[in-house]
Each structure stands twice: as structure tokens, then as C-alpha cells.
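Source file: coords_23.pdb. Holds: PDB, C-alpha atoms.
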ATOM      1  CA  MET A  18       2.959  23.977  -1.269
ATOM      2  CA  HIS A  19       2.361  20.443  -2.608
ATOM      3  CA  ALA A  20       5.439  18.943  -0.978
ATOM      4  CA  GLU A  21       4.302  19.807   2.527
ATOM      5  CA  VAL A  22       2.014  16.803   2.924
ATOM      6  CA  ALA A  23       1.937  15.908   6.600
ATOM      7  CA  LEU A  24       1.937  12.241   7.531
ATOM      8  CA  GLY A  25       1.104  12.632  11.168
ATOM      9  CA  ALA A  26       2.178  14.123  14.417
ATOM     10  CA  GLY A  27       5.169  11.958  15.248
ATOM     11  CA  ARG A  28       8.251  13.160  17.057
ATOM     12  CA  MET A  29      11.677  13.064  15.525
ATOM     13  CA  SER A  30      14.619  12.932  17.863
ATOM     14  CA  GLY A  31      17.477  13.580  15.436
ATOM     15  CA  VAL A  32      16.332  16.976  14.165
ATOM     16  CA  PRO A  33      16.676  20.200  16.126
ATOM     17  CA  GLY A  34      13.396  21.405  17.576
ATOM     18  CA  SER A  35      12.058  17.819  17.446
ATOM     19  CA  ARG A  36       8.579  18.907  16.390
ATOM     20  CA  ALA A  37       6.404  16.962  13.981
ATOM     21  CA  LEU A  38       7.798  17.048  10.461
ATOM     22  CA  SER A  39       6.010  16.566   7.164
ATOM     23  CA  ALA A  40       6.913  13.750   4.804
ATOM     24  CA  ALA A  41       8.628  16.217   2.479
ATOM     25  CA  GLN A  42      10.781  17.544   5.329
ATOM     26  CA  LEU A  43      11.672  14.024   6.424
ATOM     27  CA  VAL A  44      12.552  13.124   2.838
ATOM     28  CA  ARG A  45      14.731  16.235   2.503
ATOM     29  CA  HIS A  46      16.595  15.305   5.687
ATOM     30  CA  ALA A  47      16.859  11.642   4.649
ATOM     31  CA  THR A  48      18.158  12.577   1.193
ATOM     32  CA  GLY A  49      20.852  14.579   2.942
ATOM     33  CA  GLY A  50      21.982  11.411   4.736
ATOM     34  CA  ASP A  51      19.995  11.745   7.983
ATOM     35  CA  ARG A  52      19.237   8.141   8.972
ATOM     36  CA  ASP A  53      17.008   9.251  11.853
ATOM     37  CA  ALA A  54      14.804  11.106   9.368
ATOM     38  CA  PHE A  55      14.563   8.028   7.164
ATOM     39  CA  GLU A  56      13.694   5.848  10.171
ATOM     40  CA  GLU A  57      10.998   8.331  11.187
ATOM     41  CA  LEU A  58       9.614   8.285   7.652
ATOM     42  CA  ILE A  59       9.460   4.487   7.823
ATOM     43  CA  ARG A  60       7.685   4.646  11.187
ATOM     44  CA  HIS A  61       5.077   6.981   9.678
ATOM     45  CA  LEU A  62       4.472   4.692   6.704
ATOM     46  CA  GLN A  63       5.096   1.251   8.182
ATOM     47  CA  ARG A  64       1.539   0.278   9.152
ATOM     48  CA  ARG A  65      -0.026   1.462   5.929
ATOM     49  CA  VAL A  66       2.673  -0.206   3.820
ATOM     50  CA  TYR A  67       2.272  -3.517   5.650
ATOM     51  CA  GLY A  68      -1.533  -3.313   5.293
ATOM     52  CA  PHE A  69      -1.162  -2.566   1.590
ATOM     53  CA  ALA A  70       1.281  -5.469   1.155
ATOM     54  CA  TYR A  71      -0.885  -7.869   3.162
ATOM     55  CA  GLN A  72      -4.006  -7.031   1.158
ATOM     56  CA  HIS A  73      -2.040  -7.473  -2.048
ATOM     57  CA  LEU A  74      -0.461 -10.835  -1.103
ATOM     58  CA  ARG A  75      -2.682 -12.229   1.687
ATOM     59  CA  ASP A  76       0.274 -13.785   3.514
ATOM     60  CA  ALA A  77       1.841 -12.233   6.619
ATOM     61  CA  ASP A  78       5.424 -13.377   5.934
ATOM     62  CA  GLU A  79       5.256 -12.369   2.278
ATOM     63  CA  ALA A  80       3.743  -9.019   3.286
ATOM     64  CA  ASN A  81       6.659  -8.370   5.656
ATOM     65  CA  ASP A  82       9.113  -9.210   2.868
ATOM     66  CA  LEU A  83       7.295  -6.954   0.412
ATOM     67  CA  ALA A  84       7.108  -4.089   2.930
ATOM     68  CA  GLN A  85      10.846  -4.397   3.496
ATOM     69  CA  GLU A  86      11.456  -4.412  -0.245
ATOM     70  CA  ILE A  87       9.323  -1.282  -0.643
ATOM     71  CA  PHE A  88      11.368   0.549   1.994
ATOM     72  CA  VAL A  89      14.643  -0.575   0.393
ATOM     73  CA  LYS A  90      13.386   0.783  -2.939
ATOM     74  CA  LEU A  91      12.382   3.999  -1.190
ATOM     75  CA  TYR A  92      15.882   4.389   0.255
ATOM     76  CA  ARG A  93      17.529   3.705  -3.110
ATOM     77  CA  ASN A  94      15.216   6.081  -4.966
ATOM     78  CA  LEU A  95      15.052   9.007  -2.533
ATOM     79  CA  GLY A  96      17.353  11.013  -4.784
ATOM     80  CA  ARG A  97      14.802  10.770  -7.598
ATOM     81  CA  TYR A  98      12.007  12.343  -5.564
ATOM     82  CA  ASP A  99      11.111  15.842  -6.771
ATOM     83  CA  PRO A 100      10.397  17.946  -3.655
ATOM     84  CA  GLU A 101       8.218  20.265  -5.747
ATOM     85  CA  ARG A 102       5.656  17.472  -6.071
ATOM     86  CA  PRO A 103       3.587  15.706  -3.385
ATOM     87  CA  PHE A 104       5.462  12.863  -1.689
ATOM     88  CA  GLU A 105       2.651  10.375  -1.075
ATOM     89  CA  PRO A 106       1.571   9.802  -4.702
ATOM     90  CA  TRP A 107       5.233   9.366  -5.677
ATOM     91  CA  PHE A 108       5.787   6.929  -2.816
ATOM     92  CA  TRP A 109       2.652   4.876  -3.483
ATOM     93  CA  LYS A 110       3.533   4.616  -7.158
ATOM     94  CA  LEU A 111       6.899   3.206  -6.080
ATOM     95  CA  ALA A 112       5.095   0.842  -3.668
ATOM     96  CA  ALA A 113       2.602  -0.274  -6.325
ATOM     97  CA  ASN A 114       5.383  -0.962  -8.832
ATOM     98  CA  ALA A 115       7.373  -2.872  -6.209
ATOM     99  CA  SER A 116       4.237  -4.922  -5.419
ATOM    100  CA  ILE A 117       3.646  -5.788  -9.057
ATOM    101  CA  ASN A 118       7.285  -6.813  -9.541
ATOM    102  CA  TYR A 119       7.296  -8.796  -6.297
ATOM    103  CA  ARG A 120       4.144 -10.654  -7.245
ATOM    104  CA  ARG A 121       5.544 -11.489 -10.694
ATOM    105  CA  LYS A 122       8.629 -13.156  -9.276
ATOM    106  CA  ARG A 123       6.843 -14.726  -6.293
ATOM    107  CA  VAL A 124       6.437 -18.504  -6.169
ATOM    108  CA  PRO A 125       2.782 -19.372  -5.363
ATOM    109  CA  LEU A 126       2.163 -20.871  -1.933
ATOM    110  CA  PRO A 127       0.856 -24.429  -1.642
ATOM    111  CA  ALA A 128      -2.879 -24.646  -0.869
ATOM    112  CA  GLU A 129      -2.324 -25.625   2.779
ATOM    113  CA  SER A 130      -0.057 -22.643   3.433
ATOM    114  CA  ARG A 131      -2.670 -20.263   2.057
ATOM    115  CA  GLU A 132      -5.267 -21.627   4.448
ATOM    116  CA  ASP A 133      -2.855 -21.255   7.365
ATOM    117  CA  ALA A 134      -2.128 -17.658   6.318
ATOM    118  CA  GLY A 135      -5.854 -16.917   6.631
ATOM    119  CA  ASP A 136      -5.630 -17.695  10.363
ATOM    120  CA  ASP A 137      -3.162 -14.835  10.871
ATOM    121  CA  THR A 138      -4.284 -11.899  13.026
ATOM    122  CA  ALA A 139      -4.139  -9.501  10.076
ATOM    123  CA  GLY A 140      -6.569 -11.773   8.221
ATOM    124  CA  ARG A 141      -9.053 -11.859  11.099
ATOM    125  CA  ALA A 142      -9.841  -8.199  10.600
ATOM    126  CA  HIS A 143     -11.514  -8.989   7.247
ATOM    127  CA  ASP A 144     -14.036 -11.416   5.947
ATOM    128  CA  PRO A 145     -12.253 -14.349   4.241
ATOM    129  CA  ALA A 146     -14.688 -14.087   1.335
ATOM    130  CA  LEU A 147     -13.655 -10.447   0.837
ATOM    131  CA  LEU A 148      -9.976 -11.376   0.956
ATOM    132  CA  GLN A 149     -10.571 -14.099  -1.628
ATOM    133  CA  ALA A 150     -12.526 -11.722  -3.855
ATOM    134  CA  LEU A 151      -9.749  -9.108  -3.600
ATOM    135  CA  ALA A 152      -7.137 -11.713  -4.487
ATOM    136  CA  GLN A 153      -9.109 -12.657  -7.606
ATOM    137  CA  LEU A 154      -9.283  -9.087  -8.888
ATOM    138  CA  ASP A 155      -7.042  -8.131 -11.776
ATOM    139  CA  PRO A 156      -4.158  -5.917 -10.525
ATOM    140  CA  ALA A 157      -5.511  -3.063 -12.666
ATOM    141  CA  TYR A 158      -8.546  -3.047 -10.349
ATOM    142  CA  ARG A 159      -6.989  -4.354  -7.125
ATOM    143  CA  LEU A 160      -4.285  -1.652  -6.890
ATOM    144  CA  PRO A 161      -6.707   1.306  -7.000
ATOM    145  CA  ILE A 162      -8.876  -0.413  -4.351
ATOM    146  CA  LEU A 163      -5.880  -1.034  -2.098
ATOM    147  CA  LEU A 164      -4.424   2.440  -2.553
ATOM    148  CA  HIS A 165      -7.744   4.213  -1.991
ATOM    149  CA  TYR A 166      -9.295   2.119   0.781
ATOM    150  CA  TYR A 167      -6.287   0.558   2.550
ATOM    151  CA  ALA A 168      -3.585   3.207   2.042
ATOM    152  CA  ASP A 169      -6.165   6.020   2.444
ATOM    153  CA  LEU A 170      -5.073   7.931  -0.655
ATOM    154  CA  SER A 171      -7.406  10.419  -2.304
ATOM    155  CA  LEU A 172      -8.613   9.772  -5.849
ATOM    156  CA  GLU A 173      -6.127  12.356  -7.122
ATOM    157  CA  GLN A 174      -3.252  10.664  -5.289
ATOM    158  CA  VAL A 175      -4.267   7.228  -6.595
ATOM    159  CA  GLY A 176      -4.334   8.699 -10.091
ATOM    160  CA  GLN A 177      -0.890  10.220  -9.677
ATOM    161  CA  SER A 178       0.449   6.974  -8.230
ATOM    162  CA  LEU A 179      -0.829   4.844 -11.112
ATOM    163  CA  ASN A 180      -0.508   7.428 -13.922
ATOM    164  CA  LEU A 181      -4.270   7.563 -14.366
ATOM    165  CA  THR A 182      -6.729  10.411 -14.613
ATOM    166  CA  VAL A 183      -9.247  10.850 -11.790
ATOM    167  CA  PRO A 184     -12.120   9.684 -14.049
ATOM    168  CA  ALA A 185     -10.095   6.549 -14.902
ATOM    169  CA  VAL A 186      -9.518   5.893 -11.185
ATOM    170  CA  LYS A 187     -13.247   6.338 -10.490
ATOM    171  CA  SER A 188     -14.056   3.961 -13.335
ATOM    172  CA  ARG A 189     -11.637   1.304 -12.072
ATOM    173  CA  LEU A 190     -12.940   1.651  -8.522
ATOM    174  CA  HIS A 191     -16.518   1.332  -9.780
ATOM    175  CA  ARG A 192     -15.682  -1.782 -11.809
ATOM    176  CA  ALA A 193     -13.666  -3.273  -8.959
ATOM    177  CA  ARG A 194     -16.506  -2.741  -6.479
ATOM    178  CA  ALA A 195     -18.951  -4.333  -8.942
ATOM    179  CA  GLN A 196     -16.655  -7.351  -9.369
ATOM    180  CA  LEU A 197     -16.252  -7.604  -5.581
ATOM    181  CA  ARG A 198     -20.044  -7.447  -5.093
ATOM    182  CA  ASN A 199     -20.530 -10.225  -7.670
ATOM    183  CA  SER A 200     -17.797 -12.392  -6.136
ATOM    184  CA  LEU A 201     -19.189 -11.917  -2.641
ATOM    185  CA  ALA A 202     -22.741 -12.673  -3.802
ATOM    186  CA  GLU A 203     -21.527 -15.864  -5.525
ATOM    187  CA  ALA A 204     -19.602 -16.900  -2.396
ATOM    188  CA  GLU A 205     -22.693 -16.278  -0.252
ATOM    189  CA  GLN A 206     -24.882 -18.329  -2.608
ATOM    190  CA  ALA A 207     -22.348 -21.162  -2.628
ATOM    191  CA  GLU A 208     -22.242 -21.090   1.184
ATOM    192  CA  GLU A 209     -26.045 -21.198   1.448
ATOM    193  CA  THR A 210     -26.375 -24.146  -0.937
ATOM    194  CA  SER A 211     -23.746 -26.252   0.836
TER     195      SER A 211
END
Now that the file is in, can you turn its structure into C-alpha cells?
Amino acid sequence: MHAEVALGAGRMSGVPGSRALSAAQLVRHATGGDRDAFEELIRHLQRRVYGFAYQHLRDADEANDLAQEIFVKLYRNLGRYDPERPFEPWFWKLAANASINYRRKRVPLPAESREDAGDDTAGRAHDPALLQALAQLDPAYRLPILLHYYADLSLEQVGQSLNLTVPAVKSRLHRARAQLRNSLAEAEQAEETS
């Protein structure tokens, strides 16, 4: 069944039998008012959501705020989830929409703050030139990249999350990778000439 997408082998203390539960089971329990199930669902998603938010915003504090906002939206919208459908594409669509809305209302950081944010531990894991190139991508191309490569969603799940067909997702990923290659090549040339 589609709704039985497993997120991982975590333990849940508040549910009898305390064996690993799928996202759909956790959502069912959480929708019924089980706070432990909702907390477990957050624990399963927390790292990926923060990584997604950080790659989208490139600022650790802003990423924490966005991740929190995504989980608040999840809590408020749990009743709208259709258990007959896969949970992850529904969730990542909610996360992508929350990211777009957050970015629209966000006040840009001063130039010095952006440079300081690049010194954060999350930023050390990636090449600064790649982070800059990702930040310059149009959201129509950045979101599929982030969902596929950072949130580890399949092409089908990315398509469901963004209301796109699989060929459209492949096309956007192809274009995004080409733009990233060009941006990285330009950054490398600029670095060599300076």
C-alpha cells in the first residue's frame, strides 16, 4: 500500500509494542492526538528538513526557523493528509510551499552576515561555490535539486511534491545541473584569473 512508506527504524515509546512505525502509521497516531507519535515523526524528518531548509536559505538560524515553521504547518495540516496516498510527497510539497512562502517574506541578510553564515558547520560540508550557485538558481530549478539530492526523494516523489510529471522533473534537474556546471565553471575561471 502507498501509505506504508517507512522512514526508518526508530523506536516509539508511546505506542504499544514500541516497534518501528512507518510514516503513515505515525501520522495516523498523530492525527488521533498522539503527541508522542508526532514527536517521533519530527525526529524521523528533522535532519532532512533542516538540510533542505539550510540549502534553500544558506543561513543556519534562518534554516532553524524555517524547519520549525515547516513542522508547525505539518501539525496544522495533518488532518488534510490522505492516508491512501504516500506521505513523503505530500509532506515535501508542504515543505516546499512553506519554503517558498518563507523566502518571499524574508528580509535579506546584510552582506557581512551572509559571509559569517558561510563559516557555519553546515556550510563546511559543501563547497562555497556550490552553495552560491545553488542560491542563484531560480526556485523552479532549485527546489527539484534540493528535494531529489538533499531530501533523497525519488523522481516520482519530487514530481508529486511539486505537481510535475516525471519528465518535467527530469528536465528541470537537467537544466539545473547545467546551470550549476556553468556557474561553477565561471567561479573557477574567476578564481584562477584573480
Shell around stretch 66-79 of chain A at 7 Å using all atoms listed in the file, local window under 2 positions removed, as a PyMOL selection string: chain A and resi 62-64+81-84+134+163+167-168
Output check: residues returned by the PyMOL selection byres ((chain A and resi 156) around 12), as a list in words: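 Answer for the PyMOL selection byres ((chain A and resi 156) around 12): Gln72, His73, Leu74, Ala113, Asn114, Ser116, Ile117, Asn118, Arg120, Arg121, Leu151, Ala152, Gln153, Leu154, Asp155, Ala157, Tyr158, Arg159, Leu160, Pro161, Ile162, Leu163, Leu164, Leu179, Arg189, Leu190 and Ala193 of chain A.
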Residue members of the PyMOL selection byres ((chain A and resi 46-60) around 7) in the file shown, as a VMD selection string: chain A and resid 29 31 40 42 to 45 61 to 63 95 to 96
Contact residues around A:Arg97 with all atoms listed in the file at 12 Å, ignoring same-chain residues under 3 positions, as number ranges by chain: A: 44-45, 48, 90-94, 100-102, 104, 107-108, 111
Atomic separation - atom CA of A:Ile87 relative to atom CA of A:Leu38, Å: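 According to the coordinates, atom CA of A:Leu38 and atom CA of A:Ile87 are separated by 21.5 Å.
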Might you pull out every residue within 10 Å of A:Leu147, with all atoms listed in the file counted and same-chain residues fewer than 5 positions away left off, and present them as a tab-separated table (two decimals) with C-alpha atoms, keeping the file's coordinate frame?
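Done, and the output landed in out25.tsv:
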chain	number	residue	atom	x	y	z
A	152	ALA	CA	-7.14	-11.71	-4.49
A	153	GLN	CA	-9.11	-12.66	-7.61
A	197	LEU	CA	-16.25	-7.60	-5.58
A	198	ARG	CA	-20.04	-7.45	-5.09
A	200	SER	CA	-17.80	-12.39	-6.14
A	201	LEU	CA	-19.19	-11.92	-2.64
A	204	ALA	CA	-19.60	-16.90	-2.40
Expected answer as an NGL selection string: all residues with atoms within 7 Å of (-11.2, 6.2, -5.0), all atoms listed in the file: :A and (161 or 165 or 171-172 or 186-187 or 190)
Computed interatomic separation between atom CA of A:Leu170 and atom CA of A:Ala41 (Å): 16.3 Å
Two-atom distance - atom CA of A:Ala146, atom CA of A:Leu181 (Å):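 One can read the atom CA of A:Ala146 to atom CA of A:Leu181 distance as 28.7 Å.
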Edge lengths and centre, in Å to one decimal, as lines of an AutoDock Vina configuration file: that's what I need for the box along x, y and z that holds all listed atoms of stretch 80-93 of chain A plus 5 Å on each side.
center_x = 10.6
center_y = -2.4
center_z = 1.3
size_x = 23.8
size_y = 23.6
size_z = 18.8
